[in-house]
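Here's the structure, in structure tokens; my notes come after.
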Amino acid sequence: MRLLLVEDDEKLASFVVNGFRQAGFAVDRAADGETGLDLALSESYDVCVIDIMLPGLDGLSLIEEMRRKKKNTPVIILSAKRSVEDRVKGLQIGSDDYLVKPFSFSELLARVYALMRRTRAGQEITKITVGDLSLDLVTREVFYGNRKIDLQPREFSLLEYLMRNNNRVLSKTMIMEHVWDYSFDPQTNVVDVLVCRLRKKIEEAEPKKQIIHTIRGVGYVLKPS
């Protein structure tokens, strides 16, 4: 899961970024509207969280430009403006939700999950199945046959990415961009370590089958049994 945060308040942004990363999101952050718009139009995100009061391009103009360019990424507005008129305006220009500052991170996280569920439900994709492996995007449960596999948030994100691209070889760079973000050093072995952990948990559920395969010098591929 990949999220864009556009917020100029350093303290608030650091708090929110850390919270989402701990929940298993890859997070990109922009401190001004122009940078936020460039990222929103050039990258692929599951959801954008955008402040209204930004240096340069304001949040409402940013969202309007996204929609004008046919970028339909779900958007949650963050704003200190709490009047009904402000909320209505935010929704009218193309946002999907509106959260008033100050807010609790747990509420923001819950709204992000709810928005992602609504978006995916509209696409009729709430469960992914590859062979005997199934992943529920709503309950966030994973089963191999009838055996439940308990995964940490980043392990879940990796498995979802592999399952959505089953039989397709994914490079370490592709995995890093999707599960982490651009701030990570591509020379580290974090991808290998995470794949190893995920593979071990799957094989503990079904010891006789290996479905995550290493393609030396290239990356990894999930192949159904």
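FYI, nothing fancy with the structure tokens labels: chains A, B, ... in order, residues from 1 per chain, ligands from 1 as they appear.
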
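The neighbours of Asn18 of chain A here are the residues that come within 12 Å of it, using only C-alpha atoms and leaving out any residue fewer than 3 positions away in the same chain; they are Leu5, Lys11, Leu12, Ala13, Ser14, Phe15, Arg21, Gln22, Ala23, Gly24, Phe25, Ala26, Val27, Asp28, Arg29, Phe105 and Leu109 of chain A.
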
Could those selected residues go to a file with N, CA and C atoms, as a compact mmCIF listing (two decimals), in the first residue's frame?
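To be explicit, this is the file written out as again.txt:
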# COMPACT_ATOMS: atom_id res chain seq x y z
N LEU A 5 1.43 11.87 1.34
CA LEU A 5 1.04 12.89 2.31
C LEU A 5 1.56 14.23 1.84
N LYS A 11 6.37 18.85 12.09
CA LYS A 11 6.09 18.00 13.26
C LYS A 11 4.92 17.06 12.99
N LEU A 12 3.84 17.62 12.44
CA LEU A 12 2.66 16.81 12.13
C LEU A 12 2.98 15.78 11.06
N ALA A 13 3.71 16.22 10.03
CA ALA A 13 4.05 15.31 8.93
C ALA A 13 4.89 14.13 9.43
N SER A 14 5.86 14.41 10.29
CA SER A 14 6.70 13.34 10.83
C SER A 14 5.87 12.34 11.61
N PHE A 15 4.95 12.85 12.41
CA PHE A 15 4.07 11.99 13.21
C PHE A 15 3.21 11.10 12.32
N ARG A 21 3.87 4.31 8.26
CA ARG A 21 4.92 3.33 8.01
C ARG A 21 4.83 2.18 8.99
N GLN A 22 4.51 2.46 10.24
CA GLN A 22 4.35 1.41 11.23
C GLN A 22 3.15 0.52 10.89
N ALA A 23 2.17 1.08 10.17
CA ALA A 23 0.99 0.31 9.75
C ALA A 23 1.24 -0.45 8.45
N GLY A 24 2.45 -0.33 7.90
CA GLY A 24 2.80 -1.10 6.71
C GLY A 24 2.68 -0.36 5.39
N PHE A 25 2.47 0.95 5.43
CA PHE A 25 2.37 1.73 4.20
C PHE A 25 3.75 2.19 3.74
N ALA A 26 3.91 2.30 2.45
CA ALA A 26 5.02 3.05 1.88
C ALA A 26 4.51 4.49 1.74
N VAL A 27 5.26 5.45 2.28
CA VAL A 27 4.77 6.83 2.33
C VAL A 27 5.74 7.78 1.65
N ASP A 28 5.21 8.57 0.70
CA ASP A 28 5.95 9.69 0.14
C ASP A 28 5.34 10.96 0.73
N ARG A 29 6.20 11.94 1.03
CA ARG A 29 5.69 13.17 1.62
C ARG A 29 6.18 14.39 0.85
N PHE A 105 -4.48 10.01 15.12
CA PHE A 105 -3.96 9.22 14.01
C PHE A 105 -4.81 7.97 13.79
N LEU A 109 -6.14 6.77 10.20
CA LEU A 109 -5.84 5.44 9.66
C LEU A 109 -7.12 4.68 9.33

Run DSSP on the backbone of this structure and report the residues of segment 79-200 of chain A it assigns to alpha helix (DSSP H), as a count of residues only.
58

Need to verify the contact set: Thr214 of chain A, 10 Å, only C-alpha atoms, exclusion of same-chain residues closer than 5 positions in sequence. Can you return it as a PyMOL selection string?
chain A and resi 169-170+192+195+219-222

Just all heavy atoms for this one: save the residues we selected as a compact mmCIF listing (two decimals), in the first residue's frame.
# COMPACT_ATOMS: atom_id res chain seq x y z
N VAL A 169 7.59 -11.80 -12.73
CA VAL A 169 8.80 -11.56 -11.94
C VAL A 169 8.85 -10.10 -11.54
O VAL A 169 8.76 -9.20 -12.38
CB VAL A 169 10.07 -11.94 -12.72
CG1 VAL A 169 11.31 -11.65 -11.86
CG2 VAL A 169 10.04 -13.42 -13.09
N LEU A 170 8.99 -9.84 -10.23
CA LEU A 170 9.07 -8.48 -9.70
C LEU A 170 10.49 -8.23 -9.22
O LEU A 170 11.03 -8.99 -8.41
CB LEU A 170 8.10 -8.30 -8.54
CG LEU A 170 6.62 -8.54 -8.85
CD1 LEU A 170 5.78 -8.43 -7.58
CD2 LEU A 170 6.11 -7.57 -9.90
N ASP A 192 15.18 -8.76 0.60
CA ASP A 192 15.50 -10.18 0.78
C ASP A 192 15.05 -10.67 2.15
O ASP A 192 14.52 -11.77 2.28
CB ASP A 192 17.02 -10.38 0.64
CG ASP A 192 17.54 -9.89 -0.69
OD1 ASP A 192 17.18 -10.49 -1.72
OD2 ASP A 192 18.28 -8.91 -0.70
N VAL A 195 11.16 -10.93 2.19
CA VAL A 195 10.72 -12.09 1.40
C VAL A 195 11.01 -13.38 2.17
O VAL A 195 10.18 -14.30 2.20
CB VAL A 195 11.42 -12.11 0.03
CG1 VAL A 195 11.16 -13.45 -0.68
CG2 VAL A 195 10.93 -10.96 -0.85
N GLY A 219 14.82 -10.95 -9.34
CA GLY A 219 13.88 -10.61 -8.27
C GLY A 219 13.13 -11.84 -7.80
O GLY A 219 13.71 -12.92 -7.66
N TYR A 220 11.83 -11.69 -7.61
CA TYR A 220 11.01 -12.76 -7.05
C TYR A 220 9.72 -12.90 -7.85
O TYR A 220 9.23 -11.96 -8.45
CB TYR A 220 10.68 -12.47 -5.58
CG TYR A 220 11.90 -12.38 -4.70
CD1 TYR A 220 12.49 -11.15 -4.43
CD2 TYR A 220 12.48 -13.53 -4.16
CE1 TYR A 220 13.61 -11.06 -3.63
CE2 TYR A 220 13.59 -13.45 -3.35
CZ TYR A 220 14.16 -12.21 -3.08
OH TYR A 220 15.29 -12.14 -2.30
N VAL A 221 9.16 -14.12 -7.80
CA VAL A 221 7.90 -14.38 -8.48
C VAL A 221 7.07 -15.33 -7.62
O VAL A 221 7.59 -16.25 -7.01
CB VAL A 221 8.13 -14.99 -9.89
CG1 VAL A 221 8.91 -16.29 -9.81
CG2 VAL A 221 6.81 -15.17 -10.62
N LEU A 222 5.75 -15.07 -7.58
CA LEU A 222 4.84 -15.96 -6.90
C LEU A 222 4.13 -16.81 -7.95
O LEU A 222 3.49 -16.26 -8.86
CB LEU A 222 3.83 -15.16 -6.08
CG LEU A 222 2.86 -15.99 -5.19
CD1 LEU A 222 2.58 -15.25 -3.89
CD2 LEU A 222 1.55 -16.27 -5.92

Surrounding residues of segment 187-191 of chain A excluding itself and chain neighbours under 6 positions, 10 Å, only C-alpha atoms, as a ChimeraX atom specification
/A:158,171-173,175-176,179-180,197,219-220

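Counting only C-alpha atoms, the residue from A:Leu151, A:Ile215, A:Leu41, A:Leu99 that sits nearest to Arg199 of chain A is A:Leu151.
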
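Of the listed residues (A:Pro153, A:Gly131, A:Gly94, A:Pro74), A:Pro74 comes nearest to Thr119 of chain A; the distances count only C-alpha atoms.
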
Write down as a PyMOL selection string the residues belonging to chain A that are assigned strand (DSSP E) by DSSP computed on the backbone.
chain A and resi 2-6+26-30+47-51+75-79+97-100+127-130+133-136+142-144+147-149+170-171+212-215+219-222

Restrict the selected residues to C-alpha atoms and save them as a compact mmCIF listing (two decimals), in the first residue's frame.
# COMPACT_ATOMS: atom_id res chain seq x y z
CA ARG A 2 1.43 3.34 -1.04
CA LEU A 3 0.31 6.70 0.32
CA LEU A 4 1.11 10.33 -0.50
CA LEU A 5 1.04 12.89 2.31
CA VAL A 6 1.07 16.57 1.34
CA ALA A 26 5.02 3.05 1.88
CA VAL A 27 4.77 6.83 2.33
CA ASP A 28 5.95 9.69 0.14
CA ARG A 29 5.69 13.17 1.62
CA ALA A 30 5.61 16.58 -0.04
CA VAL A 47 -4.63 7.12 -1.36
CA CYS A 48 -3.52 10.76 -0.94
CA VAL A 49 -3.80 12.73 2.32
CA ILE A 50 -3.67 16.45 1.52
CA ASP A 51 -3.62 19.54 3.74
CA VAL A 75 -8.13 11.82 -1.45
CA ILE A 76 -8.61 12.70 2.21
CA ILE A 77 -8.38 16.40 3.07
CA LEU A 78 -6.74 17.54 6.30
CA SER A 79 -7.80 21.01 7.40
CA ASP A 97 -13.24 12.54 2.77
CA TYR A 98 -12.51 15.50 5.05
CA LEU A 99 -10.82 15.34 8.45
CA VAL A 100 -10.60 18.38 10.73
CA LYS A 127 -10.34 -10.84 -2.00
CA ILE A 128 -7.38 -12.15 -3.96
CA THR A 129 -6.90 -15.88 -4.54
CA VAL A 130 -3.87 -17.55 -6.07
CA LEU A 133 -3.57 -18.99 -1.06
CA SER A 134 -6.23 -16.37 -0.31
CA LEU A 135 -5.91 -12.80 0.97
CA ASP A 136 -8.86 -10.73 2.21
CA VAL A 142 -4.54 -14.63 4.88
CA PHE A 143 -5.23 -18.35 4.49
CA TYR A 144 -3.36 -21.19 2.83
CA ARG A 147 -4.74 -22.62 7.63
CA LYS A 148 -4.57 -19.02 8.75
CA ILE A 149 -1.25 -17.16 8.33
CA LEU A 170 9.07 -8.48 -9.70
CA SER A 171 12.45 -6.84 -9.30
CA ILE A 212 7.59 -17.70 -3.77
CA HIS A 213 10.56 -18.31 -6.06
CA THR A 214 13.84 -16.44 -6.35
CA ILE A 215 14.99 -15.49 -9.84
CA GLY A 219 13.88 -10.61 -8.27
CA TYR A 220 11.01 -12.76 -7.05
CA VAL A 221 7.90 -14.38 -8.48
CA LEU A 222 4.84 -15.96 -6.90

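Taking atom CA of Ser44 of chain A as the reference point, atom CA of Leu162 of chain A is found at 16.6 Å.
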
Rounded to one decimal place, report the atom CA of Arg140 of chain A-atom CA of Leu198 of chain A distance in Å.
15.1 Å

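Distance annotation: of A:Lys69, A:Gly36, A:Arg168, A:Phe20, the residue with the minimal separation from Leu108 of chain A is A:Phe20; atom set is only C-alpha atoms.
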
Please list as a short mmCIF file (atom, residue, chain, number, x, y, z; two decimals) with all heavy atoms, in the first residue's frame every residue within 10 Å of Asp58 of chain A, counting only C-alpha atoms and excluding residues in the same chain fewer than 5 positions away.
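Once written, out_16.cif looks like this:
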data_model
loop_
_atom_site.label_atom_id
_atom_site.label_comp_id
_atom_site.auth_asym_id
_atom_site.auth_seq_id
_atom_site.Cartn_x
_atom_site.Cartn_y
_atom_site.Cartn_z
N ASP A 32 4.97 21.00 -0.04
CA ASP A 32 4.31 22.11 -0.72
C ASP A 32 3.41 21.57 -1.81
O ASP A 32 3.53 20.41 -2.22
CB ASP A 32 5.34 23.08 -1.30
CG ASP A 32 6.24 22.44 -2.33
OD1 ASP A 32 5.81 22.32 -3.50
OD2 ASP A 32 7.36 22.02 -1.98
N GLY A 33 2.51 22.42 -2.28
CA GLY A 33 1.52 21.99 -3.25
C GLY A 33 2.07 21.56 -4.59
O GLY A 33 1.61 20.59 -5.19
N GLU A 34 3.06 22.30 -5.10
CA GLU A 34 3.62 21.97 -6.42
C GLU A 34 4.29 20.60 -6.42
O GLU A 34 4.08 19.79 -7.33
CB GLU A 34 4.64 23.04 -6.86
CG GLU A 34 4.02 24.37 -7.26
CD GLU A 34 3.76 25.29 -6.08
OE1 GLU A 34 3.98 24.85 -4.92
OE2 GLU A 34 3.32 26.42 -6.32
N ILE A 50 -4.10 15.13 1.96
CA ILE A 50 -3.67 16.45 1.52
C ILE A 50 -4.18 17.54 2.45
O ILE A 50 -5.39 17.64 2.70
CB ILE A 50 -4.14 16.72 0.08
CG1 ILE A 50 -3.57 15.66 -0.88
CG2 ILE A 50 -3.74 18.12 -0.37
CD1 ILE A 50 -4.10 15.76 -2.30
N ASP A 51 -3.26 18.37 2.94
CA ASP A 51 -3.62 19.54 3.74
C ASP A 51 -4.13 20.63 2.78
O ASP A 51 -3.76 20.67 1.61
CB ASP A 51 -2.38 20.03 4.50
CG ASP A 51 -2.69 21.17 5.44
OD1 ASP A 51 -3.87 21.30 5.84
OD2 ASP A 51 -1.77 21.92 5.78
N ILE A 52 -4.98 21.51 3.29
CA ILE A 52 -5.49 22.60 2.44
C ILE A 52 -4.51 23.77 2.39
O ILE A 52 -4.18 24.28 1.32
CB ILE A 52 -6.87 23.09 2.95
CG1 ILE A 52 -7.94 22.04 2.65
CG2 ILE A 52 -7.24 24.41 2.26
CD1 ILE A 52 -9.33 22.46 3.05
N MET A 53 -4.04 24.22 3.54
CA MET A 53 -3.17 25.39 3.61
C MET A 53 -1.72 24.97 3.36
O MET A 53 -1.03 24.48 4.25
CB MET A 53 -3.30 26.06 4.98
CG MET A 53 -4.72 26.46 5.34
SD MET A 53 -5.44 27.65 4.17
CE MET A 53 -4.45 29.10 4.55
N ILE A 63 -6.04 19.35 -5.65
CA ILE A 63 -7.03 18.29 -5.91
C ILE A 63 -7.79 18.57 -7.20
O ILE A 63 -8.03 17.67 -8.01
CB ILE A 63 -8.00 18.17 -4.72
CG1 ILE A 63 -7.24 17.75 -3.46
CG2 ILE A 63 -9.11 17.16 -5.04
CD1 ILE A 63 -8.03 17.92 -2.18
#

With a distance cut-off of 10 Å and only C-alpha atoms, select the neighbouring residues of Glu64 of chain A, excluding the residue or stretch itself and same-chain residues fewer than 5 positions from it, and output the selection as an NGL selection string.
:A and (59 or 69-71 or 90 or 92-95)

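With only C-alpha atoms as the atoms that count, the minimum distance from Gly56 of chain A to the choices A:Asp8, A:Asp132, A:Glu141, A:Asp86 is reached by A:Asp8.
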